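Q: What follows is my_file-v9.cif; its format and atoms are mmCIF, C-alpha atoms and all ligand atoms.
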data_data
#
loop_
_atom_site.label_atom_id
_atom_site.label_comp_id
_atom_site.auth_asym_id
_atom_site.auth_seq_id
_atom_site.Cartn_x
_atom_site.Cartn_y
_atom_site.Cartn_z
CA MET A 32 32.35 -40.59 -21.01
CA ARG A 33 35.91 -39.33 -21.37
CA ILE A 34 37.58 -40.67 -24.49
CA ASP A 35 41.14 -40.01 -25.75
CA LEU A 36 41.71 -41.53 -29.21
CA HIS A 37 45.34 -40.48 -29.78
CA VAL A 38 48.12 -41.62 -27.43
CA HIS A 39 51.71 -42.86 -27.95
CA SER A 40 53.90 -45.22 -25.92
CA SER A 41 57.50 -46.40 -26.09
CA ALA A 42 56.38 -48.89 -28.76
CA SER A 43 57.01 -45.84 -30.99
CA ASP A 44 58.22 -42.40 -29.91
CA GLY A 45 56.42 -41.93 -26.59
CA THR A 46 58.57 -41.99 -23.46
CA ASP A 47 56.45 -44.34 -21.32
CA PRO A 48 55.92 -48.10 -21.72
CA PRO A 49 52.36 -49.12 -22.72
CA ALA A 50 51.55 -50.33 -19.17
CA GLU A 51 52.49 -46.94 -17.73
CA VAL A 52 50.42 -45.17 -20.40
CA MET A 53 47.37 -47.24 -19.36
CA ARG A 54 48.00 -46.41 -15.69
CA ARG A 55 48.08 -42.71 -16.54
CA ALA A 56 44.94 -43.05 -18.69
CA GLY A 57 43.12 -44.47 -15.67
CA GLN A 58 44.49 -41.76 -13.43
CA ALA A 59 43.32 -39.09 -15.91
CA GLY A 60 39.78 -40.40 -15.46
CA LEU A 61 39.41 -41.77 -18.98
CA ASP A 62 36.74 -44.34 -19.86
CA VAL A 63 38.20 -45.15 -23.28
CA VAL A 64 41.74 -44.81 -24.59
CA ALA A 65 43.19 -45.69 -27.98
CA LEU A 66 46.88 -46.58 -28.15
CA THR A 67 48.01 -45.17 -31.50
CA ASP A 68 51.73 -45.76 -31.89
CA HIS A 69 53.39 -44.91 -35.20
CA ASP A 70 53.08 -47.74 -37.73
CA THR A 71 52.85 -50.54 -35.16
CA LEU A 72 50.36 -52.47 -33.03
CA ALA A 73 53.26 -53.82 -30.94
CA GLY A 74 52.27 -52.06 -27.70
CA HIS A 75 48.77 -53.51 -27.50
CA ALA A 76 49.41 -56.79 -25.75
CA GLU A 77 51.21 -55.07 -22.86
CA ALA A 78 48.55 -52.32 -22.73
CA ALA A 79 45.71 -54.88 -22.62
CA ARG A 80 47.37 -56.74 -19.74
CA ALA A 81 47.84 -53.52 -17.77
CA LEU A 82 44.35 -52.11 -18.29
CA PRO A 83 42.93 -50.64 -15.06
CA PRO A 84 39.31 -51.59 -14.20
CA GLY A 85 36.75 -49.41 -15.97
CA LEU A 86 39.06 -48.39 -18.81
CA ALA A 87 38.39 -49.69 -22.33
CA LEU A 88 41.26 -50.00 -24.81
CA VAL A 89 40.80 -49.39 -28.53
CA ALA A 90 43.40 -51.01 -30.78
CA GLY A 91 44.83 -48.31 -33.01
CA MET A 92 47.92 -46.95 -34.67
CA GLU A 93 49.05 -43.83 -36.49
CA LEU A 94 50.06 -44.69 -40.04
CA SER A 95 52.55 -42.40 -41.77
CA GLY A 96 51.88 -41.48 -45.35
CA ARG A 97 52.76 -38.82 -47.86
CA LEU A 98 50.51 -36.76 -50.06
CA ALA A 99 51.80 -34.27 -52.67
CA GLY A 100 55.23 -34.41 -51.04
CA HIS A 101 53.91 -33.69 -47.55
CA SER A 102 53.73 -35.93 -44.53
CA VAL A 103 50.19 -37.07 -43.68
CA HIS A 104 49.21 -39.13 -40.62
CA LEU A 105 46.19 -41.43 -40.46
CA LEU A 106 44.83 -42.67 -37.14
CA VAL A 107 43.45 -46.14 -37.71
CA TYR A 108 41.22 -48.10 -35.39
CA GLY A 109 39.90 -51.63 -35.21
CA THR A 110 42.06 -53.29 -37.86
CA ASP A 111 42.59 -57.05 -37.72
CA PRO A 112 46.15 -57.51 -36.36
CA ALA A 113 46.45 -60.69 -38.43
CA ASP A 114 45.69 -58.99 -41.73
CA PRO A 115 48.75 -59.87 -43.87
CA ASP A 116 48.64 -56.93 -46.30
CA LEU A 117 48.45 -54.24 -43.62
CA ALA A 118 51.07 -56.03 -41.48
CA ALA A 119 53.45 -56.22 -44.46
CA GLU A 120 52.96 -52.54 -45.18
CA CYS A 121 53.66 -51.60 -41.54
CA ALA A 122 56.79 -53.76 -41.52
CA GLU A 123 58.01 -51.96 -44.63
CA ILE A 124 57.38 -48.53 -43.08
CA VAL A 125 59.13 -49.51 -39.83
CA GLU A 126 62.16 -50.79 -41.77
CA ALA A 127 62.24 -47.62 -43.85
CA ARG A 128 62.15 -45.57 -40.65
CA ARG A 129 65.19 -47.48 -39.35
CA SER A 130 67.36 -47.10 -42.43
CA ARG A 131 66.45 -43.45 -42.77
CA ALA A 132 67.24 -42.80 -39.09
CA ARG A 133 70.66 -44.44 -39.58
CA ARG A 134 71.35 -42.13 -42.51
CA MET A 135 70.31 -39.07 -40.51
CA VAL A 136 72.71 -40.12 -37.72
CA GLU A 137 75.49 -40.36 -40.33
CA ARG A 138 74.71 -36.88 -41.63
CA LEU A 139 74.67 -35.45 -38.11
CA ARG A 140 78.07 -37.00 -37.44
CA GLU A 141 79.37 -35.37 -40.64
CA LEU A 142 78.09 -32.09 -39.22
CA GLY A 143 80.10 -32.70 -36.06
CA VAL A 144 77.31 -33.90 -33.75
CA ALA A 145 78.51 -36.77 -31.53
CA VAL A 146 75.45 -39.03 -31.84
CA THR A 147 75.72 -42.75 -32.59
CA TRP A 148 73.31 -45.28 -34.03
CA PRO A 149 73.52 -47.66 -31.01
CA GLN A 150 72.62 -44.70 -28.78
CA VAL A 151 69.55 -43.86 -30.92
CA GLU A 152 68.52 -47.52 -31.00
CA ALA A 153 68.84 -47.72 -27.22
CA LEU A 154 66.65 -44.62 -26.84
CA ALA A 155 64.01 -46.30 -29.03
CA GLY A 156 64.18 -49.29 -26.67
CA GLY A 157 63.22 -51.82 -29.34
CA GLY A 158 60.26 -49.73 -30.50
CA VAL A 159 59.72 -47.99 -33.85
CA VAL A 160 62.58 -45.54 -34.41
CA GLY A 161 61.62 -41.94 -35.15
CA ARG A 162 63.12 -38.49 -35.37
CA PRO A 163 62.26 -37.75 -31.69
CA HIS A 164 64.77 -40.45 -30.65
CA ILE A 165 67.48 -38.76 -32.72
CA ALA A 166 66.48 -35.42 -31.17
CA ARG A 167 66.93 -36.89 -27.69
CA ALA A 168 70.36 -38.25 -28.64
CA MET A 169 71.29 -34.76 -29.88
CA VAL A 170 70.36 -33.32 -26.49
CA ALA A 171 72.51 -35.98 -24.79
CA ALA A 172 75.39 -35.02 -27.11
CA GLY A 173 75.03 -31.38 -26.10
CA ALA A 174 74.30 -30.20 -29.67
CA ILE A 175 70.95 -28.71 -28.64
CA SER A 176 69.34 -28.04 -25.27
CA GLU A 177 65.86 -29.48 -25.93
CA PRO A 178 64.44 -31.97 -28.46
CA ALA A 179 62.24 -29.40 -30.25
CA GLN A 180 65.37 -27.58 -31.44
CA ALA A 181 66.24 -30.58 -33.64
CA PHE A 182 63.21 -29.99 -35.85
CA THR A 183 64.62 -26.98 -37.70
CA PRO A 184 66.28 -26.48 -41.12
CA GLU A 185 69.59 -26.51 -39.27
CA TRP A 186 69.16 -30.16 -38.20
CA ILE A 187 66.50 -32.80 -38.89
CA GLY A 188 63.45 -30.63 -39.60
CA THR A 189 61.86 -31.56 -42.95
CA GLY A 190 64.32 -30.44 -45.65
CA GLY A 191 66.98 -29.68 -43.00
CA ARG A 192 70.74 -30.20 -43.31
CA ALA A 193 70.66 -33.68 -41.78
CA TYR A 194 67.13 -34.60 -42.90
CA VAL A 195 66.57 -37.73 -44.96
CA SER A 196 63.16 -38.47 -46.45
CA ARG A 197 61.82 -42.01 -46.51
CA TYR A 198 59.34 -44.31 -48.13
CA ALA A 199 55.81 -43.37 -47.15
CA LEU A 200 52.44 -44.82 -47.95
CA ASP A 201 49.96 -43.14 -50.29
CA PRO A 202 47.05 -42.24 -47.97
CA VAL A 203 44.44 -43.41 -50.50
CA ARG A 204 46.12 -46.82 -50.61
CA ALA A 205 46.37 -46.77 -46.79
CA ILE A 206 42.64 -46.15 -46.47
CA GLY A 207 42.00 -49.14 -48.77
CA LEU A 208 44.30 -51.40 -46.73
CA VAL A 209 42.69 -50.29 -43.47
CA SER A 210 39.15 -50.93 -44.77
CA ALA A 211 40.18 -54.33 -46.11
CA ALA A 212 41.54 -55.12 -42.62
CA GLY A 213 38.15 -54.23 -41.08
CA GLY A 214 39.18 -50.89 -39.61
CA VAL A 215 38.48 -47.19 -40.01
CA ALA A 216 40.85 -44.32 -40.81
CA VAL A 217 40.81 -40.79 -39.39
CA LEU A 218 42.99 -37.96 -40.70
CA ALA A 219 45.26 -36.86 -37.82
CA HIS A 220 45.83 -33.17 -36.91
CA PRO A 221 44.90 -31.89 -40.41
CA GLY A 222 45.10 -28.25 -39.35
CA ALA A 223 48.43 -28.37 -37.52
CA ALA A 224 50.90 -26.52 -39.75
CA SER A 225 53.56 -27.17 -37.11
CA ARG A 226 53.26 -30.90 -37.83
CA GLY A 227 54.32 -30.49 -41.41
CA TRP A 228 51.33 -29.39 -43.37
CA LYS A 229 47.94 -27.75 -43.03
CA ILE A 230 46.14 -30.11 -45.39
CA PRO A 231 44.07 -28.29 -48.05
CA GLU A 232 40.31 -28.89 -47.99
CA GLU A 233 40.34 -30.32 -51.55
CA ALA A 234 42.87 -32.94 -50.45
CA ILE A 235 40.68 -33.86 -47.48
CA ALA A 236 37.65 -34.13 -49.79
CA HIS A 237 39.70 -36.45 -52.03
CA LEU A 238 40.50 -38.70 -49.03
CA ALA A 239 36.85 -38.59 -47.91
CA ALA A 240 35.84 -39.87 -51.36
CA ALA A 241 38.39 -42.68 -50.94
CA GLY A 242 36.70 -43.88 -47.74
CA LEU A 243 38.21 -41.77 -44.95
CA ALA A 244 35.92 -42.11 -41.90
CA GLY A 245 36.89 -39.16 -39.73
CA LEU A 246 38.77 -35.95 -39.13
CA GLU A 247 40.72 -35.25 -35.94
CA VAL A 248 39.23 -31.90 -34.92
CA PHE A 249 40.14 -31.78 -31.21
CA HIS A 250 43.95 -31.78 -31.14
CA PRO A 251 46.26 -29.65 -28.94
CA ASP A 252 47.80 -27.99 -32.03
CA HIS A 253 44.43 -26.74 -33.32
CA ASP A 254 43.27 -23.37 -32.05
CA ALA A 255 39.61 -22.41 -31.64
CA GLU A 256 39.33 -21.05 -35.16
CA GLU A 257 40.87 -24.20 -36.65
CA ARG A 258 38.49 -26.39 -34.65
CA SER A 259 35.44 -24.57 -35.93
CA ARG A 260 36.69 -24.67 -39.53
CA LEU A 261 37.47 -28.40 -39.31
CA GLY A 262 34.20 -29.14 -37.51
CA ALA A 263 32.27 -27.50 -40.35
CA LEU A 264 34.36 -29.36 -42.94
CA ALA A 265 33.73 -32.68 -41.20
CA ALA A 266 29.98 -32.00 -41.25
CA ARG A 267 30.09 -31.04 -44.93
CA LEU A 268 32.05 -34.17 -45.94
CA ASP A 269 30.15 -36.47 -43.56
CA LEU A 270 33.33 -37.28 -41.63
CA VAL A 271 33.28 -38.15 -37.92
CA PRO A 272 34.90 -35.34 -35.84
CA THR A 273 37.26 -37.01 -33.36
CA GLY A 274 39.78 -35.90 -30.77
CA GLY A 275 42.77 -36.93 -28.69
CA SER A 276 45.73 -35.58 -26.76
CA ASP A 277 48.59 -36.93 -28.95
CA ASP A 278 50.36 -37.61 -25.65
CA HIS A 279 54.01 -38.71 -26.05
CA GLY A 280 54.71 -38.98 -22.31
CA SER A 281 57.23 -36.54 -20.91
CA LEU A 282 57.99 -35.27 -24.45
CA THR A 283 54.61 -33.52 -24.46
CA GLY A 284 54.28 -32.93 -20.75
CA HIS A 285 52.05 -35.96 -20.02
CA ARG A 286 48.86 -34.49 -21.42
CA ILE A 287 46.79 -37.67 -21.73
CA GLY A 288 43.07 -36.83 -21.45
CA ALA A 289 43.74 -33.13 -22.12
CA GLU A 290 41.83 -33.47 -25.40
CA THR A 291 38.90 -35.79 -25.80
CA CYS A 292 36.63 -37.24 -28.46
CA PRO A 293 32.88 -36.50 -28.23
CA PRO A 294 31.09 -39.72 -27.13
CA GLN A 295 28.68 -39.59 -30.09
CA SER A 296 31.69 -39.40 -32.46
CA TYR A 297 33.24 -42.42 -30.79
CA GLU A 298 30.02 -44.39 -31.22
CA ARG A 299 29.72 -43.38 -34.88
CA LEU A 300 33.30 -44.37 -35.53
CA MET A 301 33.01 -47.76 -33.84
CA ALA A 302 29.81 -48.47 -35.79
CA LEU A 303 31.73 -47.94 -39.05
CA ARG A 304 34.24 -50.68 -38.28
CA ALA A 305 33.79 -54.07 -39.81
CA GLY A 306 36.07 -55.77 -37.30
CA PRO A 307 35.56 -56.82 -33.69
ZN ZN B 1 50.91 -37.37 -36.10
ZN ZN B 2 50.45 -38.87 -32.85
#
Could you render the structure from this file as structure tokens?
Ligand SMILES: [Zn+2]
Ligand SMILES: [Zn+2]
A:
Amino acid sequence: MRIDLHVHSSASDGTDPPAEVMRRAGQAGLDVVALTDHDTLAGHAEAARALPPGLALVAGMELSGRLAGHSVHLLVYGTDPADPDLAAECAEIVEARRSRARRMVERLRELGVAVTWPQVEALAGGGVVGRPHIARAMVAAGAISEPAQAFTPEWIGTGGRAYVSRYALDPVRAIGLVSAAGGVAVLAHPGAASRGWKIPEEAIAHLAAAGLAGLEVFHPDHDAEERSRLGALAARLDLVPTGGSDDHGSLTGHRIGAETCPPQSYERLMALRAGP
């Protein structure tokens, strides 16, 4: 069984539409794939329609939160899409992402970068707007030569000259909302300092006590040492060690299936869900 539990589409900041992501998942030889766009389930209907034979789709998303001033991502699986509290929270996050992106575009323009809001919106293609869309607009404007260069103190890296922070969910509250909606929450890339923060073990223990189900151990930004540390931590806190590629299409070099979740972890995780 080859299982990738962390994949993005153009419903958030991936470059490929959900149908294309499913086609690539099939081509990569996956048996199970979870579509985990940022703060939205919007890509699922298209993904479900495009599912190649033999591939199972897990409904997921990657919820953005903040803990002690740092960005924290939770991968959530199996929530009821009709749950009103979780849906309202996601709508609020998506709206906050939009207004914050608009303000970052304004700041960039003040700094002399010729990006526009309609251009950023067009790059998001109706999906959830994120900093990667602004980064792509900056490349188009000739301010930088590749999107990664936007994520520095000079531009829109956290705390950068054109950076604007936004409303973010308290992860403990997020875990409560996810459980109430029948799903399970997994802490995404906890050891990836490049993604904002290497989350301290005490903070992870705090989230585990609040009902966190798993820890993403197998992620491209975790080296061998980090994987063994997180694996041991997951065992100690009775958290399910999961894995996924965090594929964003061409932004990450189409790496779907490059990281996988152990089948026994997948089974444990699915057994913890209350939902369908
Ligand atoms: Zn993330
Ligand atoms: Zn992700």
Q: Using 7 Å as the limit and counting all atoms listed in the file, can you tabulate each residue of chain A that touches ligand ZN 2 (chain B), with its shortest atom-to-atom distance in Å and the two atoms involved, as a tab-separated table?
A:
residue	atom	partner	partner_atom	distance
A:His37	CA	B:ZN2	ZN	6.2
A:Val38	CA	B:ZN2	ZN	6.5
A:His39	CA	B:ZN2	ZN	6.4
A:Thr67	CA	B:ZN2	ZN	6.9
A:Glu93	CA	B:ZN2	ZN	6.3
A:Asp277	CA	B:ZN2	ZN	4.7
Q: Starting from the point (28.7, -45.3, -25.1), work out which residues of protein, DNA or RNA have an atom no more than 12 Å away when counting all atoms listed in the file; state them as a list of chain:residue names.
A: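 The answer, in the requested form, is A:Met32, A:Arg33, A:Ile34, A:Asp62, A:Val63, A:Ala87, A:Cys292, A:Pro293, A:Pro294, A:Gln295, A:Ser296, A:Tyr297, A:Glu298, A:Arg299, A:Leu300, A:Met301, A:Ala302.
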Q: Just want the residues within 10 Å of ligand ZN 1 (chain B), written as a VMD selection string, counting only C-alpha atoms and all ligand atoms.
A: chain A and resid 37 39 67 to 69 93 to 95 102 to 106 218 to 221 223 226 to 227 277
Q: Report as number ranges by chain all protein, DNA and RNA residues lying within 10 Å of Met135 (chain A), evaluated on only C-alpha atoms, omitting residues in the same chain fewer than 2 positions from it.
A: A: 129-133, 137-141, 148, 162, 165, 186-187, 192-196
Q: Rounded to one decimal in Å, what is the spacing between CA of Arg204 (chain A) and CA of Phe182 (chain A)?
A: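 It comes out at 28.2 Å.
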Q: Between CA of Arg54 (chain A) and CA of Ser281 (chain A), what is the distance, to one decimal in Å?
A: 14.5 Å
Q: Neighbouring residues of Ser41 (chain A) were defined as those with any atom within 10 Å, considering only C-alpha atoms; residues of the same chain fewer than 4 positions away were excluded. Please report them as an NGL selection string.
A: :A and (45-52 or 68 or 73-74 or 154-160 or 279-280)
